[in-house]
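Enquirer: Okay, here's the structure, questions in a sec.
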Amino acid sequence: MPLHVQEAERLGHNGIGSEHLLLGILADGGPAANILTTHGVTLDVVRRRTDEIVGDGWQDSVRWSHSPRATVVHKLAEIEAERLGQVHPSQAHILLALITEGHGIPMHLFIELGVDVTKVREDLINELDVPDEMRETYLRQRTSYEQARRATAGFEKDDTSVSGTVAIHVLTGSGRLRAHGDRIRGQVRAATGGALAHLSVDGEVDVVVRDDPRRVIPEWGIGGFAPDGHTVFVALDPDHERFEWAVERGLFATLAHELHHVARHQACGYGDTLFDALVSEGLADHFSIEVTGVEAPPWTVALTPEQAAELAARAREEYDDAYNHWAWFFGSDELGIPRWTGYTLGFQLVGDYLDRHPAATASALATAPSVTLRPSS
């Protein structure tokens, strides 16, 4: 079993993130680990901080699947090896890739520990015994890249940067997100890139991340809303106990969910009836799981089997009627509808359709009218 997988298992995680790749480097005890240790990055410290940051929140539905960022890092390691004239990526190349990628928990820890990543890169190149001319060219290119990235990382005036078809706006007026701005932008870039690779979305989409404790889901520390085909709002609370998890993991699931709504807004609309809403929310949650590998969120499993059967029958009677969205999706004691009923029923409805149509996926159904998923009886 690879060392990074062993480290994930040690922490009780069954998915692989970039932090587990860093742990694998340190557990290897080779030259890359030795260089990190000389810069104050030790296996014990990274294990402890990863456990504190991630906790038990990194559980994938597919065992040992890699997060979008970990997948990017592996590809960057291949590129780093190729740039240095070496055939097979080693732990040193993975560490170079973590530095080049520049976001996620590894970079967060490097900043926290006061690590000079430029010096780490130089030490790695020296350890790899790269010819002088290639070494100088590589370091010069990487220095230029870092300078360009810092110059375009965002402007304090409006905290806006553009990544592909997504404009990222991190609102820092409250002051509480300012220190996290670059990290949040990096997460949003990775998350939107992964989601939009599976969706048909035209034009530019504004992703607005703001400090808004009132609109975070208490169980997750993050909330999202896509009011139309070109806008996604994400709410965070820096004081929430799961803030680190929300930035490192929750953003991926939330943005996948909301960008699926964006695609439906553009193609066929969210819908006006209860059935339309159940389909739109159910598809968005299945899509989030499909592209990020996260476990089913709590709002998709909020009912007992008995409650689900009773409320599904009630919902069927109201499928085509004007409906109370707040009551069905956020609960109403007066109407006898538990919290998150609509999300759970929608998730089950779409799941039943996918079971009946094994070749279908939530990504492929993003632009399908809700009637496509209407049960025959």
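Naming works like this for the structure tokens: A, B, ... for the chains as they're shown, residue 1 at the start of each chain, ligands 1 onward in shown order.
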With a distance cut-off of 9 Å and only C-alpha atoms, select the neighbouring residues of Arg121 (chain A), excluding the residue or stretch itself and same-chain residues fewer than 5 positions from it, and output the selection as a VMD selection string.

Expert: chain A and resid 95 to 96 99 116 126 139

Enquirer: Could you give me, as a list in words, the residues within 8 Å of Leu22 (chain A), counting only C-alpha atoms and dropping anything in the same chain fewer than 6 positions from it?

Expert: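 Near neighbours after the sequence-gap exclusion: His4, Leu95, Leu98 and Pro106 of chain A.
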
Enquirer: Region 245-256 of chain A: which residues within 6 Å, counting only C-alpha atoms, same-chain residues fewer than 2 positions away excluded, as a list in words?

Expert: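 My reading of the contact set: Val54, Ala191, Ala195, Gly221, Ile222, Arg242, Phe243, Glu258, Leu259 and Ser288 of chain A.
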
Enquirer: Which one is closest to Pro31 (chain A): A:Ala327, A:Leu345, A:Ala368, A:Val120? Count only C-alpha atoms.

Expert: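 Using only C-alpha atoms, Pro31 (chain A) sits closest to A:Val120.
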
Enquirer: For Asp202 (chain A), list every protein, DNA or RNA residue within 10 Å, evaluated using only C-alpha atoms, and leave out those in the same chain fewer than 5 positions away; present the list as a list in words.

Expert: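 Non-adjacent residues within range: Thr165, Gly229, His230, Val262, Ala263, Gln266 and Ala267 of chain A.
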
Enquirer: Looking at only C-alpha atoms, which of A:Ser90, A:Thr71, A:Thr367, A:Ser174 is the one that sits closest to Cys268 (chain A)?

Expert: A:Thr367

Enquirer: Excluding same-chain residues fewer than 3 positions from Asp276 (chain A), what lies within 10 Å of it counting only C-alpha atoms, as number ranges by chain?

Expert: A: 269-273, 279-282, 319-320, 346, 369-371, 373-374

Enquirer: Please produce a file of those selected residues containing N, CA and C atoms, as a compact mmCIF listing (two decimals), in the first residue's frame.

Expert:
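What ended up in result-v3.txt:
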```
# COMPACT_ATOMS: atom_id res chain seq x y z
N GLY A 269 -34.10 25.62 -16.84
CA GLY A 269 -34.65 26.29 -15.67
C GLY A 269 -34.69 25.40 -14.45
N TYR A 270 -34.67 26.02 -13.28
CA TYR A 270 -34.77 25.28 -12.02
C TYR A 270 -36.13 24.61 -11.92
N GLY A 271 -37.17 25.30 -12.40
CA GLY A 271 -38.52 24.76 -12.38
C GLY A 271 -39.43 25.51 -11.43
N ASP A 272 -40.74 25.36 -11.65
CA ASP A 272 -41.73 26.10 -10.87
C ASP A 272 -42.56 25.22 -9.96
N THR A 273 -42.53 23.91 -10.17
CA THR A 273 -43.37 23.01 -9.38
C THR A 273 -42.53 22.25 -8.35
N VAL A 279 -36.34 17.37 -8.51
CA VAL A 279 -35.39 16.87 -9.52
C VAL A 279 -34.13 17.74 -9.54
N SER A 280 -34.29 19.07 -9.54
CA SER A 280 -33.13 19.95 -9.60
C SER A 280 -32.21 19.76 -8.40
N GLU A 281 -32.78 19.66 -7.20
CA GLU A 281 -31.95 19.48 -6.01
C GLU A 281 -31.35 18.07 -5.95
N GLY A 282 -32.15 17.07 -6.32
CA GLY A 282 -31.63 15.71 -6.30
C GLY A 282 -30.49 15.51 -7.29
N TYR A 319 -47.06 17.20 -6.74
CA TYR A 319 -45.98 17.34 -7.72
C TYR A 319 -46.14 18.55 -8.64
N ASP A 320 -47.33 18.76 -9.17
CA ASP A 320 -47.53 19.76 -10.22
C ASP A 320 -48.18 21.04 -9.71
N GLY A 346 -35.83 14.39 -3.08
CA GLY A 346 -35.24 14.60 -4.40
C GLY A 346 -34.06 13.69 -4.65
N PRO A 369 -34.97 18.22 -19.08
CA PRO A 369 -36.18 18.67 -18.40
C PRO A 369 -36.57 17.68 -17.31
N SER A 370 -37.20 18.17 -16.26
CA SER A 370 -37.53 17.30 -15.13
C SER A 370 -38.45 16.16 -15.53
N VAL A 371 -39.29 16.38 -16.56
CA VAL A 371 -40.20 15.32 -16.99
C VAL A 371 -39.46 14.07 -17.41
N LEU A 373 -37.28 12.53 -15.82
CA LEU A 373 -37.12 11.67 -14.65
C LEU A 373 -38.44 11.32 -14.00
N ARG A 374 -39.55 11.70 -14.63
CA ARG A 374 -40.87 11.45 -14.03
C ARG A 374 -41.19 9.97 -14.04
```

Enquirer: Please determine, counting only C-alpha atoms, which residue among A:Arg339, A:His265, A:Arg356, A:His66 has the shortest atom-to-atom distance to Pro298 (chain A).

Expert: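 Going through A:Arg339, A:His265, A:Arg356, A:His66 one by one, the smallest distance to Pro298 (chain A) is for A:Arg339.
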
Enquirer: Go through region 109-268 of chain A and collect every residue that DSSP, computed from the backbone, puts in strand (DSSP E); the answer should be as an mmCIF file with C-alpha atoms, in the first residue's frame.

Expert:
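Resulting contents of result_22.cif:
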```cif
data_model
loop_
_atom_site.group_PDB
_atom_site.id
_atom_site.type_symbol
_atom_site.label_atom_id
_atom_site.label_comp_id
_atom_site.auth_asym_id
_atom_site.auth_seq_id
_atom_site.Cartn_x
_atom_site.Cartn_y
_atom_site.Cartn_z
ATOM 1 C CA THR A 160 -11.544 39.743 -8.135
ATOM 2 C CA SER A 161 -9.677 37.289 -10.346
ATOM 3 C CA VAL A 162 -10.732 35.361 -13.410
ATOM 4 C CA SER A 163 -10.212 31.645 -14.024
ATOM 5 C CA VAL A 166 -15.428 31.827 -13.823
ATOM 6 C CA ALA A 167 -14.923 35.230 -12.197
ATOM 7 C CA ILE A 168 -13.988 34.761 -8.543
ATOM 8 C CA HIS A 169 -14.923 37.465 -6.041
ATOM 9 C CA VAL A 170 -13.858 37.078 -2.417
ATOM 10 C CA VAL A 205 -20.157 32.741 -14.075
ATOM 11 C CA ASP A 206 -19.575 35.001 -11.079
ATOM 12 C CA VAL A 207 -18.687 33.097 -7.912
ATOM 13 C CA VAL A 208 -19.077 35.399 -4.928
ATOM 14 C CA VAL A 209 -17.626 34.198 -1.614
ATOM 15 C CA ARG A 210 -18.650 36.250 1.401
ATOM 16 C CA ASP A 211 -18.500 36.268 5.187
ATOM 17 C CA ILE A 222 -20.673 26.652 4.443
ATOM 18 C CA GLY A 223 -23.729 27.468 2.349
ATOM 19 C CA GLY A 224 -24.427 28.092 -1.320
ATOM 20 C CA PHE A 225 -27.074 29.618 -3.584
ATOM 21 C CA ALA A 226 -27.359 29.928 -7.384
ATOM 22 C CA PRO A 227 -30.177 32.379 -8.177
ATOM 23 C CA ASP A 228 -29.656 32.332 -11.950
ATOM 24 C CA THR A 231 -24.151 33.678 -10.396
ATOM 25 C CA VAL A 232 -23.195 31.559 -7.389
ATOM 26 C CA PHE A 233 -23.070 32.893 -3.842
ATOM 27 C CA VAL A 234 -21.051 31.028 -1.206
ATOM 28 C CA ALA A 235 -21.324 31.856 2.489
ATOM 29 C CA LEU A 236 -18.551 31.147 5.010
#
```

Enquirer: Take CA of Ala277 (chain A) and CA of Pro213 (chain A) and report the distance between them in Å, one decimal.

Expert: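 Calculated distance between CA of Ala277 (chain A) and CA of Pro213 (chain A) is 25.3 Å.
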
Enquirer: As an exercise, work out the distance from CA of Asp333 (chain A) to CA of Gln348 (chain A) in Å and give it to one decimal place.

Expert: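 Spanning CA of Asp333 (chain A) to CA of Gln348 (chain A) is a straight-line distance of 22.5 Å.
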
Enquirer: Write out as a ChimeraX atom specification the residues lying within 9 Å of Ile25 (chain A), counting only C-alpha atoms and excluding same-chain residues fewer than 6 positions away.

Expert: /A:3-4,32-33,43,91-92,94-95

Enquirer: How would the residues just chosen look if you wrote them out with C-alpha atoms as a compact mmCIF listing (two decimals), in the first residue's frame?

Expert:
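To be explicit, this is the file written out as again_19.txt:
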```txt
# COMPACT_ATOMS: atom_id res chain seq x y z
CA LEU A 3 2.70 5.50 1.94
CA HIS A 4 0.23 8.33 1.29
CA ALA A 32 12.64 15.10 0.09
CA ALA A 33 11.60 14.28 3.66
CA LEU A 43 5.92 13.99 10.04
CA GLN A 91 8.79 12.01 -3.92
CA ALA A 92 10.96 15.02 -4.69
CA ILE A 94 5.71 15.39 -5.90
CA LEU A 95 7.00 17.95 -3.37
```

Enquirer: Can you pull out the residues contacting Arg83 (chain A)? Cut-off 10 Å, using only C-alpha atoms, and skip same-chain residues under 5 positions away; I want them as a list in words.

Expert: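 The neighbour list is Ala77, Glu78, Met134, Arg135, Thr137 and Tyr138 of chain A.
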
Enquirer: Could you save the residues just selected, with C-alpha atoms, as a short mmCIF file (atom, residue, chain, number, x, y, z; two decimals), in the first residue's frame?

Expert:
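Printed below is result.cif as written:
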```
data_model
loop_
_atom_site.label_atom_id
_atom_site.label_comp_id
_atom_site.auth_asym_id
_atom_site.auth_seq_id
_atom_site.Cartn_x
_atom_site.Cartn_y
_atom_site.Cartn_z
CA ALA A 77 4.84 15.88 -10.67
CA GLU A 78 5.10 14.22 -14.08
CA MET A 134 18.97 23.00 -16.79
CA ARG A 135 18.95 23.92 -13.10
CA THR A 137 16.70 27.59 -16.53
CA TYR A 138 14.22 25.72 -14.33
#
```

Enquirer: Pick out the closest residue to Met107 (chain A) from this set: A:Leu349, A:Val130, A:Val41, A:Ile79. Count only C-alpha atoms.

Expert: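 Looking only at the distances to Met107 (chain A), the closest residue turns out to be A:Val41.
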
Enquirer: Calculate how many Å separate CA of Leu21 (chain A) from CA of Ile105 (chain A), rounding to one decimal.

Expert: 10.5 Å

Enquirer: May I ask which of the residues A:Glu306, A:Val201, A:Ile184, A:Thr300 is the closest one to Ser363 (chain A), counting only C-alpha atoms?

Expert: A:Val201

Enquirer: Report as a PyMOL selection string: the residues of region 12-57 of chain A with a DSSP assignment of helix (DSSP H, G or I), based on the backbone of this structure.

Expert: chain A and resi 18-28+31-38+43-54
